[in-house]
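Colleague: Data: model_20.tsv, TSV, C-alpha atoms and all ligand atoms.
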chain	number	residue	atom	x	y	z
U	1	MET	CA	0.00	0.00	0.00
U	2	ASN	CA	1.53	3.37	-0.88
U	3	GLU	CA	1.67	6.31	1.52
U	4	LEU	CA	-1.20	8.13	-0.18
U	5	ASP	CA	-3.60	5.26	0.42
U	6	SER	CA	-2.77	5.04	4.10
U	7	THR	CA	-3.18	8.73	4.98
U	8	ILE	CA	-6.24	10.93	5.22
U	9	GLY	CA	-7.09	14.59	5.75
U	10	VAL	CA	-4.37	17.22	6.11
U	11	LYS	CA	-1.42	14.85	5.60
U	12	LYS	CA	-2.97	13.51	2.41
U	13	ILE	CA	-3.43	17.02	0.97
U	14	GLU	CA	0.24	17.72	1.74
U	15	LEU	CA	1.26	14.49	-0.01
U	16	LEU	CA	-0.83	15.29	-3.09
U	17	PHE	CA	0.97	18.61	-3.35
U	18	ALA	CA	4.38	17.05	-2.76
U	19	GLU	CA	3.79	14.50	-5.51
U	20	ASN	CA	2.65	17.27	-7.83
U	21	ILE	CA	-0.75	15.73	-8.29
U	22	ASP	CA	-3.11	18.32	-9.63
U	23	PHE	CA	-5.16	19.20	-6.61
U	24	PRO	CA	-8.08	18.96	-6.44
U	25	SER	CA	-7.71	16.28	-9.09
U	26	ILE	CA	-11.41	15.72	-9.35
U	27	ASN	CA	-14.17	17.96	-10.50
U	28	ILE	CA	-17.00	16.36	-8.65
U	29	SER	CA	-20.12	16.20	-10.74
U	30	GLN	CA	-23.05	17.20	-8.61
U	31	GLU	CA	-26.26	15.29	-9.07
U	32	LYS	CA	-28.36	17.14	-11.64
U	33	LYS	CA	-31.66	18.41	-10.22
U	34	SER	CA	-34.34	20.62	-11.71
U	35	LEU	CA	-34.80	24.13	-10.32
U	36	ILE	CA	-38.03	23.13	-8.54
U	37	GLU	CA	-36.26	20.19	-6.87
U	38	LYS	CA	-33.44	22.46	-5.79
U	39	ILE	CA	-35.71	24.99	-4.07
U	40	ARG	CA	-36.26	24.30	-0.39
U	41	ILE	CA	-38.07	26.28	2.32
U	42	LYS	CA	-34.80	27.71	3.60
U	43	HIS	CA	-34.11	29.15	0.14
U	44	LEU	CA	-37.36	31.13	0.31
U	45	LEU	CA	-36.00	32.83	3.41
U	46	TRP	CA	-33.20	34.19	1.26
U	47	ILE	CA	-35.63	36.30	-0.81
U	48	PRO	CA	-35.62	39.38	1.51
U	49	ARG	CA	-31.82	39.24	1.59
U	50	LEU	CA	-31.68	38.96	-2.20
U	51	LEU	CA	-34.01	41.94	-2.60
U	52	PHE	CA	-31.88	43.89	-0.15
U	53	THR	CA	-28.62	43.31	-2.05
U	54	ARG	CA	-30.28	43.82	-5.46
U	55	THR	CA	-31.70	47.16	-4.32
U	56	TYR	CA	-28.29	48.15	-3.00
U	57	ARG	CA	-26.57	47.33	-6.28
U	58	ALA	CA	-29.14	49.23	-8.34
U	59	LEU	CA	-28.93	52.47	-6.33
U	60	PRO	CA	-26.84	55.46	-7.44
U	61	LYS	CA	-23.67	55.96	-5.34
U	62	ILE	CA	-24.96	58.89	-3.27
U	63	LEU	CA	-28.16	57.03	-2.35
U	64	LYS	CA	-26.09	53.98	-1.34
U	65	ASP	CA	-24.15	56.23	1.03
U	66	ILE	CA	-27.36	57.66	2.48
U	67	PHE	CA	-29.58	54.61	2.86
U	68	PHE	CA	-26.97	51.92	3.53
U	69	SER	CA	-24.61	53.89	5.74
U	70	LEU	CA	-24.95	51.47	8.69
U	71	SER	CA	-25.31	48.30	6.65
U	72	ILE	CA	-22.55	45.70	6.69
U	73	ILE	CA	-22.63	45.39	2.89
U	74	HIS	CA	-21.70	49.06	2.41
U	75	LYS	CA	-17.99	48.49	2.99
U	76	SER	CA	-16.65	51.92	2.05
U	77	PRO	CA	-18.18	55.22	0.86
U	78	ALA	CA	-19.41	54.85	-2.73
U	79	SER	CA	-19.49	58.51	-3.76
U	80	LYS	CA	-16.57	60.93	-3.86
U	81	MET	CA	-18.87	63.52	-2.30
U	82	PHE	CA	-19.12	61.47	0.92
U	83	ALA	CA	-15.45	60.40	0.71
U	84	ARG	CA	-14.54	64.09	1.11
U	85	THR	CA	-16.40	64.26	4.43
U	86	ARG	CA	-16.06	62.55	7.83
U	87	TYR	CA	-18.93	60.21	6.91
U	88	ASP	CA	-16.82	57.01	7.14
U	89	GLU	CA	-15.13	58.15	10.36
U	90	PHE	CA	-18.51	58.73	12.03
U	91	ARG	CA	-19.93	55.39	11.06
U	92	ILE	CA	-16.77	53.57	12.24
U	93	LEU	CA	-17.11	55.42	15.57
U	94	ILE	CA	-20.79	54.48	15.84
U	95	ASP	CA	-19.96	50.86	15.05
U	96	ALA	CA	-17.19	50.80	17.67
U	97	LYS	CA	-19.58	52.23	20.27
U	98	VAL	CA	-22.34	49.74	19.43
U	99	SER	CA	-19.86	46.83	19.28
U	100	SER	CA	-18.45	47.80	22.69
U	101	MET	CA	-21.95	47.31	24.15
U	102	SER	CA	-21.17	43.57	24.02
U	103	LEU	CA	-18.66	44.22	26.85
U	104	LYS	CA	-21.54	45.23	29.11
U	105	ALA	CA	-22.78	41.66	29.17
U	106	VAL	CA	-19.47	40.21	30.39
U	107	PRO	CA	-19.11	38.96	34.02
U	108	ASP	CA	-16.83	41.16	36.17
U	109	HIS	CA	-14.03	38.61	36.43
U	110	TYR	CA	-13.61	38.49	32.62
U	111	VAL	CA	-14.14	42.17	31.82
U	112	ASP	CA	-10.47	43.19	31.72
U	113	VAL	CA	-9.25	40.38	29.46
U	114	VAL	CA	-12.22	40.74	27.10
U	115	LYS	CA	-11.65	44.51	26.90
U	116	ASP	CA	-8.05	43.79	25.93
U	117	THR	CA	-9.31	41.55	23.13
U	118	PHE	CA	-11.74	44.25	21.95
U	119	ASN	CA	-8.98	46.89	21.87
U	120	ALA	CA	-6.29	44.72	20.29
U	121	GLY	CA	-8.70	43.23	17.75
U	122	PHE	CA	-7.64	39.63	18.22
U	123	TYR	CA	-7.67	36.67	20.59
U	124	LYS	CA	-5.68	33.45	20.45
U	125	THR	CA	-5.83	30.10	22.12
U	126	ASN	CA	-4.56	26.57	21.51
U	127	LEU	CA	-6.62	23.49	20.79
U	128	SER	CA	-4.87	20.30	21.72
U	129	ASP	CA	-6.45	17.48	19.77
U	130	LEU	CA	-7.53	17.91	16.17
U	131	SER	CA	-7.22	14.26	15.14
U	132	GLU	CA	-10.98	13.77	14.91
U	133	LEU	CA	-11.19	16.43	12.19
U	134	ASP	CA	-9.21	14.45	9.60
U	135	GLU	CA	-12.09	12.18	8.61
U	136	ILE	CA	-14.39	15.16	8.06
U	137	ILE	CA	-11.69	16.94	6.05
U	138	GLU	CA	-11.09	13.86	3.93
U	139	ASP	CA	-14.80	13.60	3.17
U	140	VAL	CA	-15.32	17.27	2.30
U	141	VAL	CA	-12.33	17.25	-0.09
U	142	ASN	CA	-13.62	14.11	-1.80
U	143	THR	CA	-17.24	15.15	-2.12
U	144	THR	CA	-17.45	18.90	-2.70
U	145	ASN	CA	-16.10	21.42	-5.18
U	146	PRO	CA	-14.07	24.27	-3.68
U	147	SER	CA	-14.50	28.00	-4.25
U	148	HIS	CA	-11.91	30.79	-4.14
U	149	ALA	CA	-13.80	32.69	-1.36
U	150	GLY	CA	-12.32	36.03	-2.39
U	151	ALA	CA	-8.67	34.88	-2.54
U	152	ARG	CA	-7.75	35.68	-6.17
U	153	PRO	CA	-4.56	34.93	-8.12
U	154	TYR	CA	-3.87	38.68	-8.66
U	155	PHE	CA	-3.60	41.76	-6.50
U	156	LYS	CA	-6.64	44.03	-6.38
U	157	ASP	CA	-4.75	46.99	-7.80
U	158	GLY	CA	-6.46	46.99	-11.18
U	159	LYS	CA	-3.38	45.73	-13.07
U	160	ASN	CA	-4.81	42.22	-13.25
U	161	GLU	CA	-1.36	40.59	-13.40
U	162	LYS	CA	-1.61	36.88	-12.74
U	163	ILE	CA	0.44	35.66	-9.76
U	164	GLU	CA	2.36	32.57	-10.87
U	165	GLY	CA	1.85	29.47	-8.73
U	166	SER	CA	-1.04	30.99	-6.80
U	167	TYR	CA	-3.54	28.41	-5.63
U	168	SER	CA	-6.46	28.70	-3.26
U	169	ALA	CA	-9.36	26.40	-2.54
U	170	TYR	CA	-12.04	26.82	0.10
U	171	TYR	CA	-14.30	23.88	0.91
U	172	SER	CA	-17.59	24.46	2.72
U	173	PHE	CA	-18.87	21.98	5.28
U	174	SER	CA	-22.45	20.76	5.58
U	175	LYS	CA	-24.56	21.90	8.54
U	176	GLU	CA	-24.14	18.46	10.12
U	177	TYR	CA	-20.36	18.60	9.79
U	178	ASN	CA	-20.32	22.11	11.22
U	179	GLN	CA	-22.20	20.93	14.29
U	180	LYS	CA	-19.89	17.95	14.63
U	181	MET	CA	-16.81	20.16	14.42
U	182	ASN	CA	-18.21	22.58	16.98
U	183	LYS	CA	-18.73	19.66	19.31
U	184	ILE	CA	-15.19	18.34	18.78
U	185	LEU	CA	-13.53	21.72	19.28
U	186	HIS	CA	-15.75	23.02	22.07
U	187	SER	CA	-14.26	20.78	24.76
U	188	ASP	CA	-10.88	22.52	24.44
U	189	LEU	CA	-12.14	26.06	24.92
U	190	THR	CA	-12.21	28.01	28.15
U	191	ASN	CA	-15.42	29.48	29.60
U	192	ASP	CA	-14.60	33.02	28.48
U	193	PHE	CA	-14.34	32.13	24.77
U	194	ASN	CA	-17.82	33.36	23.82
U	195	TYR	CA	-17.14	36.78	25.38
U	196	HIS	CA	-13.96	37.20	23.30
U	197	LEU	CA	-15.81	36.08	20.18
U	198	SER	CA	-18.67	38.54	20.85
U	199	ALA	CA	-16.24	41.41	21.50
U	200	LEU	CA	-14.59	40.81	18.12
U	201	ALA	CA	-17.84	40.26	16.20
U	202	GLY	CA	-19.37	43.33	17.85
U	203	TYR	CA	-22.48	41.50	19.02
U	204	LYS	CA	-23.42	38.78	21.46
U	205	CYS	CA	-22.81	35.44	19.80
U	206	THR	CA	-21.53	32.01	20.76
U	207	PHE	CA	-19.14	29.31	19.59
U	208	ASP	CA	-22.10	27.38	18.12
U	209	ASP	CA	-22.67	30.23	15.63
U	210	ILE	CA	-19.31	29.60	13.99
U	211	ILE	CA	-19.27	28.31	10.42
U	212	TYR	CA	-16.13	26.66	9.02
U	213	SER	CA	-14.46	26.18	5.69
U	214	LEU	CA	-11.31	24.27	4.85
U	215	SER	CA	-8.75	26.56	3.26
U	216	VAL	CA	-5.89	25.21	1.17
U	217	VAL	CA	-3.61	27.96	-0.06
U	218	TYR	CA	-0.31	27.96	-1.94
U	219	GLY	CA	1.76	30.96	-3.01
U	220	ALA	CA	0.58	34.56	-2.97
U	221	ASN	CA	-2.96	35.79	-3.58
U	222	SER	CA	-5.05	38.94	-3.21
U	223	ASN	CA	-5.22	38.42	0.56
U	224	ASP	CA	-1.48	39.16	0.79
U	225	GLU	CA	-2.34	42.85	0.55
U	226	MET	CA	-2.94	44.57	3.90
U	227	HIS	CA	-6.65	45.36	3.95
U	228	GLN	CA	-9.77	45.85	6.05
U	229	ASP	CA	-12.77	43.66	5.17
U	230	THR	CA	-15.35	46.36	5.81
U	231	PHE	CA	-15.96	49.44	8.02
U	232	SER	CA	-17.85	47.50	10.70
U	233	SER	CA	-16.53	44.84	13.09
U	234	VAL	CA	-16.44	41.27	11.76
U	235	ALA	CA	-15.12	38.17	13.57
U	236	LYS	CA	-13.07	35.66	11.61
U	237	GLY	CA	-11.12	32.70	12.90
U	238	PHE	CA	-8.08	30.76	11.70
U	239	LEU	CA	-7.46	27.32	13.15
U	240	TYR	CA	-4.05	26.02	12.11
U	241	LEU	CA	-4.04	22.40	10.98
U	242	GLN	CA	-0.24	22.37	10.54
U	243	ASP	CA	2.68	24.00	12.32
U	244	ILE	CA	2.91	27.42	10.69
U	245	GLY	CA	6.15	29.40	10.64
U	246	SER	CA	6.97	32.78	9.12
U	247	ASN	CA	7.26	31.28	5.59
U	248	ASN	CA	4.00	29.32	5.74
U	249	ALA	CA	1.59	32.22	5.22
U	250	PRO	CA	0.75	33.02	8.86
U	251	PHE	CA	-2.22	35.27	9.50
U	252	GLU	CA	-1.01	38.83	10.17
U	253	TYR	CA	-2.82	41.68	11.89
U	254	LEU	CA	-2.18	45.32	12.76
U	255	GLU	CA	-2.94	45.41	16.47
U	256	GLY	CA	-5.41	48.09	17.54
U	257	SER	CA	-6.13	49.34	14.02
U	258	TYR	CA	-9.87	48.57	14.18
U	259	ALA	CA	-10.62	51.31	16.70
U	260	ASP	CA	-8.65	54.02	14.86
U	261	ALA	CA	-11.59	55.56	13.01
U	262	LYS	CA	-9.55	58.56	11.90
U	263	PHE	CA	-6.78	56.57	10.25
U	264	ARG	CA	-9.00	53.94	8.68
U	265	SER	CA	-11.49	56.42	7.27
U	266	LYS	CA	-8.72	58.67	5.94
U	267	GLU	CA	-7.10	55.79	4.05
U	268	THR	CA	-10.44	54.50	2.80
U	269	ASN	CA	-11.50	57.96	1.62
U	270	LYS	CA	-8.20	58.34	-0.23
U	271	ALA	CA	-8.79	55.01	-1.97
U	272	VAL	CA	-12.29	56.09	-3.04
U	273	LEU	CA	-11.02	59.47	-4.28
U	274	GLU	CA	-8.23	57.69	-6.19
U	275	ASN	CA	-10.88	55.61	-8.03
U	276	ASP	CA	-10.12	52.30	-6.30
U	277	SER	CA	-12.88	50.16	-7.74
U	278	HIS	CA	-10.97	46.88	-7.63
U	279	SER	CA	-10.98	46.13	-3.92
U	280	SER	CA	-14.82	45.87	-3.76
U	281	GLY	CA	-14.77	48.22	-0.79
U	282	SER	CA	-12.19	46.18	1.19
U	283	THR	CA	-9.63	48.94	0.85
U	284	ARG	CA	-5.90	48.16	0.75
U	285	LEU	CA	-2.77	49.75	2.21
U	286	ARG	CA	0.15	49.74	-0.23
U	287	GLY	CA	3.56	51.39	-0.56
U	288	GLN	CA	4.04	54.46	1.65
U	289	LYS	CA	0.61	54.04	3.26
U	290	LEU	CA	1.51	50.51	4.33
U	291	GLN	CA	4.89	51.65	5.68
U	292	LYS	CA	3.14	54.36	7.69
U	293	ALA	CA	0.66	51.86	9.12
U	294	LEU	CA	3.45	49.40	10.01
U	295	LYS	CA	5.11	52.15	12.03
U	296	LYS	CA	1.87	53.19	13.67
U	297	TYR	CA	0.63	49.74	14.75
U	298	LYS	CA	2.33	46.60	15.96
U	299	LEU	CA	2.30	43.88	13.31
U	300	GLN	CA	1.19	40.62	14.88
U	301	SER	CA	2.35	37.66	12.83
U	302	PHE	CA	0.63	34.58	14.17
U	303	THR	CA	3.14	31.79	13.77
U	304	GLY	CA	2.58	28.69	15.89
U	305	SER	CA	2.00	25.00	16.17
U	306	LYS	CA	-0.86	22.95	14.86
U	307	GLY	CA	-3.90	23.78	17.00
U	308	LEU	CA	-3.27	27.52	17.26
U	309	PHE	CA	-6.65	29.20	16.97
U	310	VAL	CA	-6.63	32.92	16.19
U	311	LEU	CA	-9.79	35.02	16.19
U	312	ALA	CA	-9.66	38.55	14.79
U	313	ASN	CA	-11.87	41.51	14.07
U	314	THR	CA	-11.10	41.83	10.38
U	315	ALA	CA	-12.43	45.37	10.11
U	316	GLY	CA	-8.92	46.03	11.43
U	317	TYR	CA	-6.07	45.72	8.92
U	318	HIS	CA	-4.84	42.21	8.21
U	319	ARG	CA	-3.29	40.02	5.52
U	320	LYS	CA	-2.07	36.56	4.71
U	321	GLY	CA	1.66	36.45	5.46
U	322	ILE	CA	4.24	35.41	2.90
U	323	HIS	CA	4.13	31.83	1.62
U	324	ASN	CA	7.54	30.50	0.73
U	325	SER	CA	7.25	26.80	1.42
U	326	SER	CA	6.83	23.60	-0.56
U	327	LYS	CA	3.79	22.70	1.53
U	328	PRO	CA	0.42	24.37	1.03
U	329	ARG	CA	-1.01	26.19	4.05
U	330	ILE	CA	-4.00	24.28	5.37
U	331	ILE	CA	-6.28	25.85	7.95
U	332	LEU	CA	-9.88	25.90	9.04
U	333	ALA	CA	-11.10	29.39	8.24
U	334	CYS	CA	-14.20	30.28	10.18
U	335	GLY	CA	-16.46	33.09	11.30
U	336	VAL	CA	-19.85	34.14	12.56
U	337	LYS	CA	-22.50	35.98	10.53
U	338	ARG	CA	-21.71	39.60	9.73
U	339	LYS	CA	-24.25	42.02	11.18
U	340	GLY	CA	-25.00	45.64	10.45
U	341	VAL	CA	-24.85	48.33	13.14
U	342	ILE	CA	-28.61	48.33	13.85
U	343	SER	CA	-28.80	44.53	14.26
U	344	LYS	CA	-25.75	44.64	16.54
U	345	PHE	CA	-27.37	47.37	18.63
U	346	LEU	CA	-30.60	45.40	19.12
U	347	ILE	CA	-28.81	42.11	19.90
U	348	ASN	CA	-26.47	43.80	22.38
U	349	LEU	CA	-29.32	45.68	24.03
U	350	VAL	CA	-31.24	42.47	24.67
U	351	ALA	CA	-28.05	40.78	25.94
U	352	MET	CA	-27.35	43.68	28.31
U	353	VAL	CA	-30.87	43.66	29.75
U	354	LYS	CA	-30.80	39.87	30.20
U	355	PHE	CA	-27.37	40.05	31.82
U	356	LYS	CA	-28.46	42.78	34.24
U	357	PHE	CA	-31.62	40.88	35.12
U	358	ILE	CA	-29.67	37.66	35.83
U	359	GLN	CA	-27.07	39.56	37.87
U	360	GLU	CA	-29.71	41.26	39.99
U	361	ARG	CA	-31.48	37.98	40.63
U	362	ASN	CA	-28.25	36.34	41.85
U	401	FE	FE	-9.76	39.89	4.77
Please go through the file and, once you have read it, give me the structure as structure tokens.
Ligand SMILES: [Fe+2]
Modeller:
Amino acid sequence: MNELDSTIGVKKIELLFAENIDFPSINISQEKKSLIEKIRIKHLLWIPRLLFTRTYRALPKILKDIFFSLSIIHKSPASKMFARTRYDEFRILIDAKVSSMSLKAVPDHYVDVVKDTFNAGFYKTNLSDLSELDEIIEDVVNTTNPSHAGARPYFKDGKNEKIEGSYSAYYSFSKEYNQKMNKILHSDLTNDFNYHLSALAGYKCTFDDIIYSLSVVYGANSNDEMHQDTFSSVAKGFLYLQDIGSNNAPFEYLEGSYADAKFRSKETNKAVLENDSHSSGSTRLRGQKLQKALKKYKLQSFTGSKGLFVLANTAGYHRKGIHNSSKPRIILACGVKRKGVISKFLINLVAMVKFKFIQERN
């Protein structure tokens, strides 16, 4: 029996790469179903969301800025008129205020550490046993087709120059697998995990809300550019399935950049005024601007052993570190749903009232 046949999961993906086997070597043909067969009740629930995004896309730039100012999908100002004002700075400040409401529902003995997480924009912990994940990983790679999930083989600078050797594949897990993975990983987490997660997401949420995808990345891609995902706090996670050193594309983050509304809005406004239409609103820091940011904030490069789990608020600046290794980088990328400022406010308000009520009763 050769080595490939006797391994599964992460090790097998590494072997496929090492043996230069085109990966994924299969284009899985999905069972053909008619449109009616494909539609399920849950899909009908997507209609309001679809209408919402369609309306957004159809609106002129100035109206987008007016009506979608607090929406999570309005990543940066659309019109130059608003980019010349403090519009983006104000909405970042409002988002930071609303997101910080999640700290009001944290028990006293955790408040300080969770505040540190909120201010720094990241949290890290270590999970000890990931062996049970390999079977799930093996199955998802063999049965689903991957997507690029925004990691493109060119930089988003408008030049469209293909990056040689760039490879990225993101595999989504079924709901059942997600639940199974949450169960496996939950046992390793400390009791304060949900508070850190909520502080980074900007609203009260829990570990069970996390959705995973398997990310296999090789070489450089558009995520190598330092960028913010959107104006409003978003929690993303990176669970390392291999030991990751400085040449294995570690996740990198500019500590404390999320809360700097002045800096972020200034850079975003500049990008809008300079006709940056390629970043889809996730504005980038390049050249001098990047150098300035690297002096202003501490660059956290998350190298570490298999099992390192980093959570970050990706409204702060971040990037994929350099990949200069023969092995692909394999991680579980994860996150909770992105929420707009109004939803965050309502969720946090309810959480605060509940928390106060429970505290008073005790
Ligand atoms: Fe990002």
Colleague: At a cut-off of 7 Å and counting only C-alpha atoms and all ligand atoms, what residues surround ligand FE 401 (chain U)? Please answer as a PyMOL selection string.
Modeller: chain U and resi 223+227-229+314+318-319
Colleague: For atom CA of U:Ser187 and atom CA of U:Asp108, quote the distance in Å rounded to one decimal.
Modeller: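 Separation between atom CA of U:Ser187 and atom CA of U:Asp108: 23.5 Å.
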Colleague: Can you tell me how far atom CA of U:Leu254 sits from atom CA of U:Ala293, in Å to one decimal?
Modeller: 8.0 Å
Colleague: Mind giving me the straight-line distance from atom CA of U:Asn247 to atom CA of U:Lys295 in Å, one decimal?
Modeller: 21.9 Å
Colleague: Which residue, U:Tyr240, U:Phe67, U:Phe122, U:Phe355, has the smallest gap to U:Lys306 when you use all atoms listed in the file?
Modeller: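 Residue with the minimum atom-to-atom distance to U:Lys306: U:Tyr240.
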Colleague: Set the distance at 8 Å and use all atoms listed in the file: which residues neighbour U:Asn313 once local chain neighbours fewer than 4 positions away are removed? I'd like the list as a PyMOL selection string.
Modeller: chain U and resi 121-122+200-201+233-236+258
Colleague: Tell me which residues come within 9 Å of (-22.1, 44.5, 18.2), as JSON, numbers by chain, counting only C-alpha atoms in the file's coordinates.
Modeller: {"U": [95, 96, 97, 98, 99, 100, 101, 102, 198, 199, 200, 201, 202, 203, 204, 233, 339, 340, 341, 342, 343, 344, 345, 346, 347, 348]}
Colleague: Could you tell me which of U:Met226, U:Ala105, U:Ala18, U:Arg264 comes closest to U:Met352 if we count all atoms listed in the file?
Modeller: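 Answer, going by the shortest atom-to-atom distance: U:Ala105.
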Colleague: Restricting the calculation to all atoms listed in the file, which member of U:Ile331, U:Leu299, U:Leu63, U:Leu197 is positioned closest to U:Val106?
Modeller: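 Under the stated criterion, the closest residue is U:Leu197.
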Colleague: Which one is closest to U:Leu349: U:Ile210, U:Ile13, U:Glu161, U:Lys104? Count all atoms listed in the file.
Modeller: U:Lys104
Colleague: How big is the axis-aligned box around all listed atoms of stretch 322-337 of chain U once 5 Å goes on each side, and where's its centre, in Å to one decimal, as AutoDock Vina command-line options?
Modeller:
--center_x -7.5 --center_y 29.3 --center_z 6.0 --size_x 40.0 --size_y 23.3 --size_z 23.1
Colleague: When distances are computed from all atoms listed in the file, which of U:Phe263, U:Asp276, U:Lys12, U:Thr55 shows the smallest separation from U:Asp139?
Modeller: U:Lys12
Colleague: Hey, which of U:Lys327, U:Lys183, U:Arg338, U:Lys320 ends up closest to U:Cys205? Count only C-alpha atoms.
Modeller: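 Looking only at the distances to U:Cys205, the closest residue turns out to be U:Arg338.
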Colleague: Would you kindly return, as a short mmCIF file (atom, residue, chain, number, x, y, z; two decimals) with C-alpha atoms, in the coordinates of the input, each protein, DNA or RNA residue with an atom no farther than 12 Å from any atom of U:Glu225, considering all atoms listed in the file and excluding same-chain residues fewer than 5 positions away?
Modeller:
data_model
loop_
_atom_site.label_atom_id
_atom_site.label_comp_id
_atom_site.auth_asym_id
_atom_site.auth_seq_id
_atom_site.Cartn_x
_atom_site.Cartn_y
_atom_site.Cartn_z
CA ALA U 151 -8.67 34.88 -2.54
CA ARG U 152 -7.75 35.68 -6.17
CA PRO U 153 -4.56 34.93 -8.12
CA TYR U 154 -3.87 38.68 -8.66
CA PHE U 155 -3.60 41.76 -6.50
CA LYS U 156 -6.64 44.03 -6.38
CA ASP U 157 -4.75 46.99 -7.80
CA ALA U 220 0.58 34.56 -2.97
CA PHE U 251 -2.22 35.27 9.50
CA GLU U 252 -1.01 38.83 10.17
CA TYR U 253 -2.82 41.68 11.89
CA SER U 279 -10.98 46.13 -3.92
CA SER U 282 -12.19 46.18 1.19
CA THR U 283 -9.63 48.94 0.85
CA ARG U 284 -5.90 48.16 0.75
CA LEU U 285 -2.77 49.75 2.21
CA ARG U 286 0.15 49.74 -0.23
CA GLY U 287 3.56 51.39 -0.56
CA LYS U 289 0.61 54.04 3.26
CA LEU U 290 1.51 50.51 4.33
CA TYR U 317 -6.07 45.72 8.92
CA HIS U 318 -4.84 42.21 8.21
CA ARG U 319 -3.29 40.02 5.52
CA LYS U 320 -2.07 36.56 4.71
CA GLY U 321 1.66 36.45 5.46
CA ILE U 322 4.24 35.41 2.90
#
